[in-house]
>>> print(open('data24.cif').read())   # mmCIF, C-alpha atoms
data_query
loop_
_atom_site.group_PDB
_atom_site.id
_atom_site.type_symbol
_atom_site.label_atom_id
_atom_site.label_comp_id
_atom_site.auth_asym_id
_atom_site.auth_seq_id
_atom_site.Cartn_x
_atom_site.Cartn_y
_atom_site.Cartn_z
ATOM 1 C CA MET A 8 6.183 22.775 20.373
ATOM 2 C CA PRO A 9 7.381 24.557 17.228
ATOM 3 C CA ALA A 10 6.483 22.626 14.131
ATOM 4 C CA VAL A 11 10.101 22.418 13.033
ATOM 5 C CA LEU A 12 11.027 20.241 16.005
ATOM 6 C CA SER A 13 8.519 17.598 15.040
ATOM 7 C CA GLN A 14 9.943 17.253 11.545
ATOM 8 C CA PRO A 15 11.494 13.867 10.841
ATOM 9 C CA ARG A 16 15.254 14.180 10.965
ATOM 10 C CA SER A 17 16.087 11.914 8.057
ATOM 11 C CA ALA A 18 13.543 13.042 5.499
ATOM 12 C CA PRO A 19 13.077 16.804 5.620
ATOM 13 C CA GLY A 20 9.668 17.936 4.530
ATOM 14 C CA ALA A 21 8.098 14.512 4.786
ATOM 15 C CA ALA A 22 5.700 15.575 7.507
ATOM 16 C CA THR A 23 4.218 18.152 5.187
ATOM 17 C CA ASP A 24 2.476 17.414 1.947
ATOM 18 C CA VAL A 25 5.094 16.009 -0.370
ATOM 19 C CA SER A 26 4.664 13.249 -2.863
ATOM 20 C CA PRO A 27 6.242 9.914 -1.959
ATOM 21 C CA GLN A 28 8.776 9.987 -4.772
ATOM 22 C CA GLU A 29 10.167 13.259 -3.430
ATOM 23 C CA ARG A 30 10.541 11.881 0.055
ATOM 24 C CA PRO A 31 13.789 9.945 0.400
ATOM 25 C CA THR A 32 15.923 12.798 -0.866
ATOM 26 C CA ALA A 33 17.960 13.328 2.287
ATOM 27 C CA GLU A 34 21.407 12.044 1.504
ATOM 28 C CA GLY A 35 23.064 9.613 3.821
ATOM 29 C CA PRO A 36 25.389 6.678 3.463
ATOM 30 C CA TRP A 37 22.949 4.300 5.194
ATOM 31 C CA ALA A 38 19.308 3.381 4.838
ATOM 32 C CA THR A 39 16.558 1.550 6.724
ATOM 33 C CA ALA A 40 14.643 -1.050 4.712
ATOM 34 C CA VAL A 41 11.327 -2.507 5.893
ATOM 35 C CA HIS A 42 10.369 -5.941 4.550
ATOM 36 C CA ASN A 43 6.953 -7.462 3.932
ATOM 37 C CA ASP A 44 5.499 -10.073 6.271
ATOM 38 C CA PRO A 45 2.097 -11.753 6.517
ATOM 39 C CA VAL A 46 1.325 -10.649 10.080
ATOM 40 C CA ASN A 47 1.435 -6.872 10.303
ATOM 41 C CA LEU A 48 -1.856 -5.209 9.423
ATOM 42 C CA MET A 49 -1.584 -2.592 6.682
ATOM 43 C CA SER A 50 -3.233 -0.036 8.949
ATOM 44 C CA TYR A 51 -0.654 -0.822 11.630
ATOM 45 C CA VAL A 52 2.296 -0.344 9.273
ATOM 46 C CA VAL A 53 0.886 3.043 8.184
ATOM 47 C CA TYR A 54 0.413 3.959 11.848
ATOM 48 C CA VAL A 55 4.030 3.027 12.684
ATOM 49 C CA PHE A 56 5.464 5.025 9.751
ATOM 50 C CA ARG A 57 3.398 8.065 10.703
ATOM 51 C CA ARG A 58 4.198 7.824 14.380
ATOM 52 C CA HIS A 59 7.917 7.081 14.247
ATOM 53 C CA PHE A 60 8.950 9.107 11.186
ATOM 54 C CA ALA A 61 6.180 11.721 11.421
ATOM 55 C CA TYR A 62 5.391 11.053 7.758
ATOM 56 C CA SER A 63 2.151 12.402 6.317
ATOM 57 C CA ARG A 64 -0.588 9.879 5.654
ATOM 58 C CA PRO A 65 -0.020 9.806 1.856
ATOM 59 C CA VAL A 66 3.715 9.185 2.300
ATOM 60 C CA ALA A 67 3.158 6.510 4.956
ATOM 61 C CA GLU A 68 0.521 4.805 2.802
ATOM 62 C CA ALA A 69 2.732 4.875 -0.282
ATOM 63 C CA LEU A 70 5.605 3.288 1.643
ATOM 64 C CA MET A 71 3.313 0.643 3.135
ATOM 65 C CA THR A 72 1.986 -0.172 -0.343
ATOM 66 C CA GLN A 73 5.534 -0.466 -1.661
ATOM 67 C CA VAL A 74 6.455 -2.860 1.177
ATOM 68 C CA HIS A 75 3.327 -4.901 0.521
ATOM 69 C CA GLU A 76 3.634 -5.062 -3.263
ATOM 70 C CA GLU A 77 7.389 -5.030 -3.848
ATOM 71 C CA GLY A 78 8.393 -6.889 -0.707
ATOM 72 C CA ARG A 79 10.384 -4.023 0.728
ATOM 73 C CA ALA A 80 10.835 -0.265 0.840
ATOM 74 C CA ILE A 81 13.503 2.154 1.984
ATOM 75 C CA VAL A 82 11.826 4.143 4.735
ATOM 76 C CA SER A 83 14.663 6.398 5.853
ATOM 77 C CA ARG A 84 18.206 7.407 4.965
ATOM 78 C CA GLY A 85 20.955 8.962 7.010
ATOM 79 C CA SER A 86 23.952 8.296 9.208
ATOM 80 C CA ARG A 87 24.575 4.777 10.439
ATOM 81 C CA GLU A 88 23.778 5.780 14.008
ATOM 82 C CA ARG A 89 20.421 7.247 13.040
ATOM 83 C CA MET A 90 19.563 4.261 10.883
ATOM 84 C CA GLU A 91 20.388 1.931 13.780
ATOM 85 C CA THR A 92 17.909 3.859 15.887
ATOM 86 C CA ASP A 93 15.283 3.546 13.140
ATOM 87 C CA VAL A 94 15.871 -0.201 12.712
ATOM 88 C CA GLN A 95 15.629 -0.701 16.472
ATOM 89 C CA ALA A 96 12.369 1.277 16.537
ATOM 90 C CA MET A 97 10.921 -0.783 13.661
ATOM 91 C CA HIS A 98 11.867 -3.982 15.517
ATOM 92 C CA SER A 99 10.207 -2.665 18.673
ATOM 93 C CA TYR A 100 6.999 -2.355 16.627
ATOM 94 C CA GLY A 101 7.466 -5.852 15.245
ATOM 95 C CA LEU A 102 8.309 -4.754 11.697
ATOM 96 C CA ARG A 103 11.100 -6.613 9.922
ATOM 97 C CA ALA A 104 13.722 -3.983 9.175
ATOM 98 C CA THR A 105 17.331 -4.079 8.053
ATOM 99 C CA LEU A 106 20.188 -1.647 8.035
ATOM 100 C CA GLU A 107 21.614 -1.146 4.549
ATOM 101 C CA ARG A 108 24.238 0.866 2.792
ATOM 102 C CA ALA A 109 22.472 3.453 0.685
ATOM 103 C CA GLY A 110 22.627 2.523 -2.966
ATOM 104 C CA GLU A 111 22.003 -1.172 -2.333
ATOM 105 C CA ASP A 112 18.392 -0.596 -3.202
ATOM 106 C CA MET B 22 -18.495 -11.007 23.605
ATOM 107 C CA ALA B 23 -15.941 -8.353 22.739
ATOM 108 C CA HIS B 24 -16.877 -4.826 21.671
ATOM 109 C CA ALA B 25 -14.501 -2.810 19.496
ATOM 110 C CA PHE B 26 -12.361 0.047 20.787
ATOM 111 C CA ARG B 27 -13.963 3.470 20.610
ATOM 112 C CA ARG B 28 -12.880 6.969 21.545
ATOM 113 C CA ARG B 29 -14.593 8.277 24.684
ATOM 114 C CA PRO B 30 -15.533 11.945 25.269
ATOM 115 C CA ASP B 31 -12.560 12.382 27.638
ATOM 116 C CA SER B 32 -10.337 11.184 24.722
ATOM 117 C CA THR B 33 -9.393 7.894 26.366
ATOM 118 C CA LEU B 34 -10.056 4.682 24.429
ATOM 119 C CA ALA B 35 -12.216 1.820 25.606
ATOM 120 C CA CYS B 36 -13.233 -1.651 24.521
ATOM 121 C CA ARG B 37 -15.386 -4.264 26.215
ATOM 122 C CA LEU B 38 -14.135 -7.778 26.824
ATOM 123 C CA ASP B 39 -15.631 -10.674 28.713
ATOM 124 C CA GLY B 40 -13.791 -12.479 31.474
ATOM 125 C CA GLU B 41 -12.674 -15.328 29.266
ATOM 126 C CA GLU B 42 -11.287 -13.000 26.591
ATOM 127 C CA LYS B 43 -9.326 -11.063 29.210
ATOM 128 C CA ALA B 44 -7.950 -14.289 30.667
ATOM 129 C CA ILE B 45 -6.867 -15.524 27.219
ATOM 130 C CA LEU B 46 -5.204 -12.207 26.347
ATOM 131 C CA ALA B 47 -3.353 -12.136 29.671
ATOM 132 C CA GLN B 48 -2.288 -15.729 29.172
ATOM 133 C CA VAL B 49 -0.887 -15.277 25.653
ATOM 134 C CA ALA B 50 0.912 -12.087 26.749
ATOM 135 C CA GLN B 51 2.421 -13.995 29.670
ATOM 136 C CA GLU B 52 3.439 -16.903 27.451
ATOM 137 C CA THR B 53 5.041 -14.561 24.918
ATOM 138 C CA ALA B 54 7.068 -12.915 27.709
ATOM 139 C CA GLU B 55 8.162 -16.309 29.026
ATOM 140 C CA LEU B 56 9.125 -17.452 25.546
ATOM 141 C CA ILE B 57 11.323 -14.363 25.027
ATOM 142 C CA ARG B 58 12.968 -14.732 28.445
ATOM 143 C CA THR B 59 13.625 -18.438 28.026
ATOM 144 C CA ASP B 60 14.895 -18.278 24.475
ATOM 145 C CA LEU B 61 17.201 -15.303 25.030
ATOM 146 C CA GLY B 62 18.237 -16.516 28.478
ATOM 147 C CA ILE B 63 17.314 -13.231 30.057
ATOM 148 C CA GLU B 64 16.674 -13.977 33.737
ATOM 149 C CA THR B 65 18.786 -17.000 34.510
ATOM 150 C CA GLY B 66 21.618 -15.872 32.242
ATOM 151 C CA ASN B 67 21.888 -12.505 33.884
ATOM 152 C CA GLY B 68 21.893 -13.890 37.405
ATOM 153 C CA SER B 69 24.748 -16.289 36.798
ATOM 154 C CA LEU B 70 26.603 -13.661 34.784
ATOM 155 C CA ARG B 71 26.375 -11.190 37.607
ATOM 156 C CA ARG B 72 27.730 -13.793 40.007
ATOM 157 C CA ALA B 73 30.542 -14.673 37.618
ATOM 158 C CA ALA B 74 31.359 -10.985 37.121
ATOM 159 C CA ARG B 75 31.920 -10.666 40.872
ATOM 160 C CA SER B 76 33.986 -13.823 40.987
ATOM 161 C CA GLU B 77 37.483 -13.909 42.484
ATOM 162 C CA ASP B 78 38.667 -15.923 39.493
ATOM 163 C CA PRO B 79 39.895 -13.495 36.794
ATOM 164 C CA LEU B 80 39.194 -16.067 34.078
ATOM 165 C CA GLN B 81 35.579 -16.351 35.176
ATOM 166 C CA ARG B 82 35.276 -12.576 35.229
ATOM 167 C CA LEU B 83 36.650 -12.420 31.706
ATOM 168 C CA GLU B 84 34.240 -15.100 30.523
ATOM 169 C CA ALA B 85 31.350 -13.242 32.117
ATOM 170 C CA GLU B 86 32.403 -10.090 30.341
ATOM 171 C CA PHE B 87 32.447 -11.881 27.002
ATOM 172 C CA ALA B 88 29.127 -13.586 27.647
ATOM 173 C CA ALA B 89 27.496 -10.275 28.534
ATOM 174 C CA ARG B 90 28.701 -8.834 25.254
ATOM 175 C CA GLU B 91 27.549 -11.840 23.256
ATOM 176 C CA ALA B 92 23.801 -11.487 22.773
ATOM 177 C CA ARG B 93 22.295 -14.908 22.316
ATOM 178 C CA GLU B 94 20.901 -15.642 18.841
ATOM 179 C CA PRO B 95 17.241 -16.547 19.163
ATOM 180 C CA SER B 96 16.749 -20.281 18.577
ATOM 181 C CA ASP B 97 12.934 -20.392 18.628
ATOM 182 C CA SER B 98 11.458 -19.503 15.228
ATOM 183 C CA ALA B 99 8.921 -17.093 16.773
ATOM 184 C CA VAL B 100 11.588 -15.304 18.796
ATOM 185 C CA ARG B 101 13.649 -14.989 15.606
ATOM 186 C CA ARG B 102 10.714 -13.125 14.103
ATOM 187 C CA LEU B 103 10.525 -10.812 17.122
ATOM 188 C CA PHE B 104 14.284 -10.211 17.029
ATOM 189 C CA PRO B 105 15.124 -10.412 13.318
ATOM 190 C CA ALA B 106 18.623 -9.995 11.917
ATOM 191 C CA ALA B 107 19.206 -6.291 11.368
ATOM 192 C CA SER B 108 21.390 -6.904 8.331
ATOM 193 C CA GLU B 109 22.097 -9.460 5.635
ATOM 194 C CA ASP B 110 25.747 -9.096 6.581
ATOM 195 C CA PRO B 111 26.180 -11.648 9.417
ATOM 196 C CA GLU B 112 28.946 -9.655 11.078
ATOM 197 C CA LEU B 113 26.908 -6.468 11.112
ATOM 198 C CA ALA B 114 23.847 -8.389 12.318
ATOM 199 C CA ALA B 115 25.825 -9.946 15.187
ATOM 200 C CA GLU B 116 27.228 -6.591 16.214
ATOM 201 C CA TYR B 117 23.761 -5.101 16.126
ATOM 202 C CA ARG B 118 22.423 -7.880 18.350
ATOM 203 C CA ARG B 119 25.226 -7.346 20.801
ATOM 204 C CA LEU B 120 24.427 -3.650 21.060
ATOM 205 C CA GLY B 121 20.671 -3.633 20.871
ATOM 206 C CA GLN B 122 19.035 -6.957 21.588
ATOM 207 C CA GLN B 123 18.967 -6.675 25.364
ATOM 208 C CA ASP B 124 17.294 -3.246 25.240
ATOM 209 C CA LEU B 125 14.830 -4.455 22.639
ATOM 210 C CA ALA B 126 13.945 -7.491 24.751
ATOM 211 C CA GLU B 127 13.448 -5.360 27.843
ATOM 212 C CA ALA B 128 11.205 -2.978 25.903
ATOM 213 C CA LYS B 129 9.088 -5.847 24.582
ATOM 214 C CA LEU B 130 8.814 -7.419 28.036
ATOM 215 C CA ALA B 131 7.784 -4.058 29.505
ATOM 216 C CA ASP B 132 5.068 -3.702 26.820
ATOM 217 C CA LEU B 133 3.718 -7.166 27.643
ATOM 218 C CA ARG B 134 3.764 -6.431 31.386
ATOM 219 C CA THR B 135 1.797 -3.222 30.775
ATOM 220 C CA VAL B 136 -0.883 -5.111 28.864
ATOM 221 C CA MET B 137 -1.147 -7.701 31.631
ATOM 222 C CA SER B 138 -1.515 -5.019 34.280
ATOM 223 C CA ILE B 139 -4.133 -3.134 32.228
ATOM 224 C CA LEU B 140 -6.123 -6.372 31.971
ATOM 225 C CA ASP B 141 -5.653 -7.087 35.678
ATOM 226 C CA GLY B 142 -6.770 -3.578 36.537
ATOM 227 C CA SER B 143 -10.007 -3.965 34.588
ATOM 228 C CA GLY B 144 -11.260 -6.720 36.874
ATOM 229 C CA PRO B 145 -11.980 -10.375 36.241
ATOM 230 C CA GLY B 146 -15.455 -10.258 34.701
ATOM 231 C CA HIS B 147 -17.070 -8.764 31.603
ATOM 232 C CA GLY B 148 -16.350 -5.069 31.452
ATOM 233 C CA GLU B 149 -14.733 -2.060 29.929
ATOM 234 C CA VAL B 150 -10.964 -1.826 29.402
ATOM 235 C CA VAL B 151 -9.953 1.843 29.332
ATOM 236 C CA ILE B 152 -6.569 3.091 28.118
ATOM 237 C CA ASP B 153 -5.017 6.457 27.283
ATOM 238 C CA GLU B 154 -3.119 7.360 24.090
ATOM 239 C CA GLU B 155 0.289 6.427 25.474
ATOM 240 C CA GLN B 156 -0.978 3.051 26.655
ATOM 241 C CA ALA B 157 -2.583 2.557 23.237
ATOM 242 C CA VAL B 158 0.865 2.548 21.569
ATOM 243 C CA VAL B 159 2.076 -0.031 24.064
ATOM 244 C CA VAL B 160 -1.032 -2.168 23.555
ATOM 245 C CA LEU B 161 -0.631 -2.030 19.748
ATOM 246 C CA ARG B 162 3.009 -3.143 19.967
ATOM 247 C CA ALA B 163 2.271 -5.924 22.462
ATOM 248 C CA LEU B 164 -0.744 -7.230 20.509
ATOM 249 C CA ASN B 165 1.453 -7.280 17.434
ATOM 250 C CA ASP B 166 4.241 -9.196 19.162
ATOM 251 C CA VAL B 167 1.774 -11.812 20.403
ATOM 252 C CA ARG B 168 0.292 -12.063 16.896
ATOM 253 C CA ILE B 169 3.786 -12.621 15.492
ATOM 254 C CA VAL B 170 4.292 -15.555 17.885
ATOM 255 C CA LEU B 171 0.880 -17.064 17.081
ATOM 256 C CA ALA B 172 1.472 -16.588 13.342
ATOM 257 C CA ASP B 173 4.721 -18.482 13.640
ATOM 258 C CA ARG B 174 2.951 -21.336 15.436
ATOM 259 C CA LEU B 175 0.346 -21.388 12.647
ATOM 260 C CA GLY B 176 3.107 -21.471 10.032
ATOM 261 C CA LEU B 177 2.091 -18.186 8.391
ATOM 262 C CA GLU B 178 4.865 -17.174 6.039
ATOM 263 C CA ARG B 179 3.278 -15.346 3.141
ATOM 264 C CA ASP B 180 0.406 -12.924 2.622
ATOM 265 C CA GLY B 181 -2.848 -14.838 2.511
ATOM 266 C CA ASP B 182 -1.560 -17.798 4.509
ATOM 267 C CA PHE B 183 -3.964 -17.083 7.334
ATOM 268 C CA ASP B 184 -6.934 -17.283 4.949
ATOM 269 C CA THR B 185 -5.671 -20.680 3.838
ATOM 270 C CA VAL B 186 -5.277 -21.891 7.414
ATOM 271 C CA ARG B 187 -8.796 -20.767 8.253
ATOM 272 C CA MET B 188 -10.225 -22.293 5.105
ATOM 273 C CA LEU B 189 -8.600 -25.629 5.873
ATOM 274 C CA GLN B 190 -10.035 -25.409 9.354
ATOM 275 C CA GLN B 191 -13.509 -24.754 7.973
ATOM 276 C CA ILE B 192 -13.308 -27.581 5.482
ATOM 277 C CA GLY B 193 -12.663 -29.753 8.470
ATOM 278 C CA GLU B 194 -9.446 -31.462 7.569
ATOM 279 C CA ARG B 195 -9.709 -33.449 10.765
ATOM 280 C CA VAL B 196 -12.511 -35.632 9.390
ATOM 281 C CA GLU B 197 -9.751 -37.856 8.093
ATOM 282 C CA GLY B 198 -9.677 -39.279 11.611
ATOM 283 C CA ALA B 199 -7.064 -39.778 14.218
ATOM 284 C CA SER B 200 -3.773 -38.662 12.778
ATOM 285 C CA PRO B 201 -0.706 -38.498 14.988
ATOM 286 C CA GLU B 202 -0.987 -34.693 15.006
ATOM 287 C CA ASP B 203 -4.546 -34.738 16.276
ATOM 288 C CA ASP B 204 -3.728 -32.908 19.505
ATOM 289 C CA GLU B 205 -1.816 -30.322 17.540
ATOM 290 C CA HIS B 206 -4.871 -29.675 15.392
ATOM 291 C CA VAL B 207 -7.132 -29.148 18.387
ATOM 292 C CA GLY B 208 -4.510 -26.728 19.695
ATOM 293 C CA SER B 209 -4.305 -24.878 16.393
ATOM 294 C CA GLU B 210 -8.053 -24.164 16.426
ATOM 295 C CA VAL B 211 -7.585 -22.257 19.667
ATOM 296 C CA VAL B 212 -4.568 -20.455 18.206
ATOM 297 C CA ILE B 213 -6.609 -19.457 15.129
ATOM 298 C CA ALA B 214 -9.406 -18.082 17.312
ATOM 299 C CA VAL B 215 -7.015 -16.104 19.514
ATOM 300 C CA TYR B 216 -5.151 -14.787 16.455
ATOM 301 C CA GLU B 217 -8.437 -13.538 14.993
ATOM 302 C CA LEU B 218 -9.447 -11.893 18.266
ATOM 303 C CA LEU B 219 -6.083 -10.114 18.548
ATOM 304 C CA SER B 220 -6.128 -8.973 14.909
ATOM 305 C CA TRP B 221 -9.645 -7.642 15.296
ATOM 306 C CA LEU B 222 -8.793 -5.808 18.536
ATOM 307 C CA GLN B 223 -5.659 -4.290 17.029
ATOM 308 C CA GLU B 224 -7.526 -3.123 13.935
ATOM 309 C CA SER B 225 -10.319 -1.636 16.056
ATOM 310 C CA LEU B 226 -7.810 0.236 18.236
ATOM 311 C CA LEU B 227 -6.084 1.626 15.124
ATOM 312 C CA ARG B 228 -9.428 2.786 13.769
ATOM 313 C CA ALA B 229 -10.379 4.416 17.077
ATOM 314 C CA LEU B 230 -7.031 6.257 17.164
ATOM 315 C CA ASP B 231 -7.429 7.554 13.621
#
>>> encode(input="data24.cif", output="structure tokens")
Amino acid sequence: MPAVLSQPRSAPGAATDVSPQERPTAEGPWATAVHNDPVNLMSYVVYVFRRHFAYSRPVAEALMTQVHEEGRAIVSRGSRERMETDVQAMHSYGLRATLERAGED
Amino acid sequence: MAHAFRRRPDSTLACRLDGEEKAILAQVAQETAELIRTDLGIETGNGSLRRAARSEDPLQRLEAEFAAREAREPSDSAVRRLFPAASEDPELAAEYRRLGQQDLAEAKLADLRTVMSILDGSGPGHGEVVIDEEQAVVVLRALNDVRIVLADRLGLERDGDFDTVRMLQQIGERVEGASPEDDEHVGSEVVIAVYELLSWLQESLLRALD
């Protein structure tokens, strides 16, 4: 499969080596927030972010750390439909996620 | 005695579990599935809805249509954790439930069924449980869902709560004698042990996949 097809749709370039602060640049009116909880293992949260969003390990780890330390992190941005898909996927993995209007963060 | 997951030369993943561990895992997976079905009214609800939808009475058909569109809010605290509100806006959250909850429930039930059949397929006694990469994702999700239910029963709400629960257990808070919750405490020791086993298995599978 060409590499371009495995790129995450809502955060271009995230699968390659970009720093976490550069990541959520894709504009979109909606966002997916993941919230901290005492059950999910840190390694599991990193695994889920890498698998679902195809984020690189550093990006996935930075987001996990943000969830853990700040209580929440925006993990993707985009159209409402895409964010609904992301929230549903996070819930299927047992992560607590909410759909938000971008800019609420 | 359980042995951690490891990657085999043919790239499948394997762990070793004894008969009792397999039986406990199958049981908690089964109980989690039953809890989801009961709380969300999945089997019984659907059957009566389908009958009502075929009814001669137009009012009943209309009611069935509404009921099918109205996803039931989870009432059990553990099921609420498995099916959390997708928004702080109650209207948006309700709409989201209506559109997605049934699919999410079916996906979770399918994950749990897969785990039960993997365990069944590995035989009753001590032995190796072998899974491929695709099954590994399913196993990780299902283990996590069961851990979420157990965590709720243990009252884990914040980071570090499990350490507190275990510490209290080790101190032996039951030496105070027969309290009314005595049975509950005996039960919670089992829950703590199963929670630890599941956490350890999940972590070992993640490490093997890495």
>>> atom_distance(input="data24.cif", atom1="CA of Arg82 (chain B)", atom2="CA of Asp124 (chain B)")
22.6 Å
>>> residues_around(input="data24.cif", residues="Glu91 (chain A)", least_positions_apart="3", cutoff="12 Å", atoms="only C-alpha atoms", output="NGL selection string")
(:A and (37-40 or 83-88 or 94-98 or 104-108)) or (:B and (107-108 or 113-114 or 116-118 or 120-122))
>>> write_last_selection(input="data24.cif", atoms="C-alpha atoms", output="CSV table (one decimal), in the coordinates of the input")
chain,number,residue,atom,x,y,z
A,37,TRP,CA,22.9,4.3,5.2
A,38,ALA,CA,19.3,3.4,4.8
A,39,THR,CA,16.6,1.6,6.7
A,40,ALA,CA,14.6,-1.0,4.7
A,83,SER,CA,14.7,6.4,5.9
A,84,ARG,CA,18.2,7.4,5.0
A,85,GLY,CA,21.0,9.0,7.0
A,86,SER,CA,24.0,8.3,9.2
A,87,ARG,CA,24.6,4.8,10.4
A,88,GLU,CA,23.8,5.8,14.0
A,94,VAL,CA,15.9,-0.2,12.7
A,95,GLN,CA,15.6,-0.7,16.5
A,96,ALA,CA,12.4,1.3,16.5
A,97,MET,CA,10.9,-0.8,13.7
A,98,HIS,CA,11.9,-4.0,15.5
A,104,ALA,CA,13.7,-4.0,9.2
A,105,THR,CA,17.3,-4.1,8.1
A,106,LEU,CA,20.2,-1.6,8.0
A,107,GLU,CA,21.6,-1.1,4.5
A,108,ARG,CA,24.2,0.9,2.8
B,107,ALA,CA,19.2,-6.3,11.4
B,108,SER,CA,21.4,-6.9,8.3
B,113,LEU,CA,26.9,-6.5,11.1
B,114,ALA,CA,23.8,-8.4,12.3
B,116,GLU,CA,27.2,-6.6,16.2
B,117,TYR,CA,23.8,-5.1,16.1
B,118,ARG,CA,22.4,-7.9,18.4
B,120,LEU,CA,24.4,-3.6,21.1
B,121,GLY,CA,20.7,-3.6,20.9
B,122,GLN,CA,19.0,-7.0,21.6
>>> closest_residue(input="data24.cif", among="B:Leu226, B:Val136, B:Ile63, B:Ala25", to="Asp166 (chain B)", atoms="all atoms listed in the file")
B:Val136
>>> interface_residues(input="data24.cif", of="chain B", to="chain A", cutoff="7 Å", atoms="only C-alpha atoms", output="list in words")
Leu103, Phe104, Pro105, Ala107, Ser108, Leu125, Lys129, Arg162, Asn165, Asp166, Ile169, Ala172, Leu177, Glu178, Arg179, Asp180 and Leu227 of chain B
>>> closest_residue(input="data24.cif", among="B:Met137, B:Val211, B:Leu219, B:Leu80", to="Arg174 (chain B)", atoms="all atoms listed in the file")
B:Val211
>>> resolve_selection(input="data24.cif", expression="the PyMOL selection byres ((chain B and resi 58-62) around 9)", output="compact mmCIF listing (two decimals) with C-alpha atoms, keeping the file's coordinate frame")
# COMPACT_ATOMS: atom_id res chain seq x y z
CA THR B 53 5.04 -14.56 24.92
CA ALA B 54 7.07 -12.92 27.71
CA GLU B 55 8.16 -16.31 29.03
CA LEU B 56 9.12 -17.45 25.55
CA ILE B 57 11.32 -14.36 25.03
CA ILE B 63 17.31 -13.23 30.06
CA GLU B 64 16.67 -13.98 33.74
CA THR B 65 18.79 -17.00 34.51
CA GLY B 66 21.62 -15.87 32.24
CA ASN B 67 21.89 -12.50 33.88
CA ALA B 92 23.80 -11.49 22.77
CA ARG B 93 22.30 -14.91 22.32
CA GLU B 94 20.90 -15.64 18.84
CA PRO B 95 17.24 -16.55 19.16
CA SER B 96 16.75 -20.28 18.58
CA ASP B 97 12.93 -20.39 18.63
CA VAL B 100 11.59 -15.30 18.80
CA GLN B 123 18.97 -6.68 25.36
CA ALA B 126 13.94 -7.49 24.75
CA LEU B 130 8.81 -7.42 28.04
>>> atom_distance(input="data24.cif", atom1="CA of Cys36 (chain B)", atom2="CA of Ile152 (chain B)")
8.9 Å
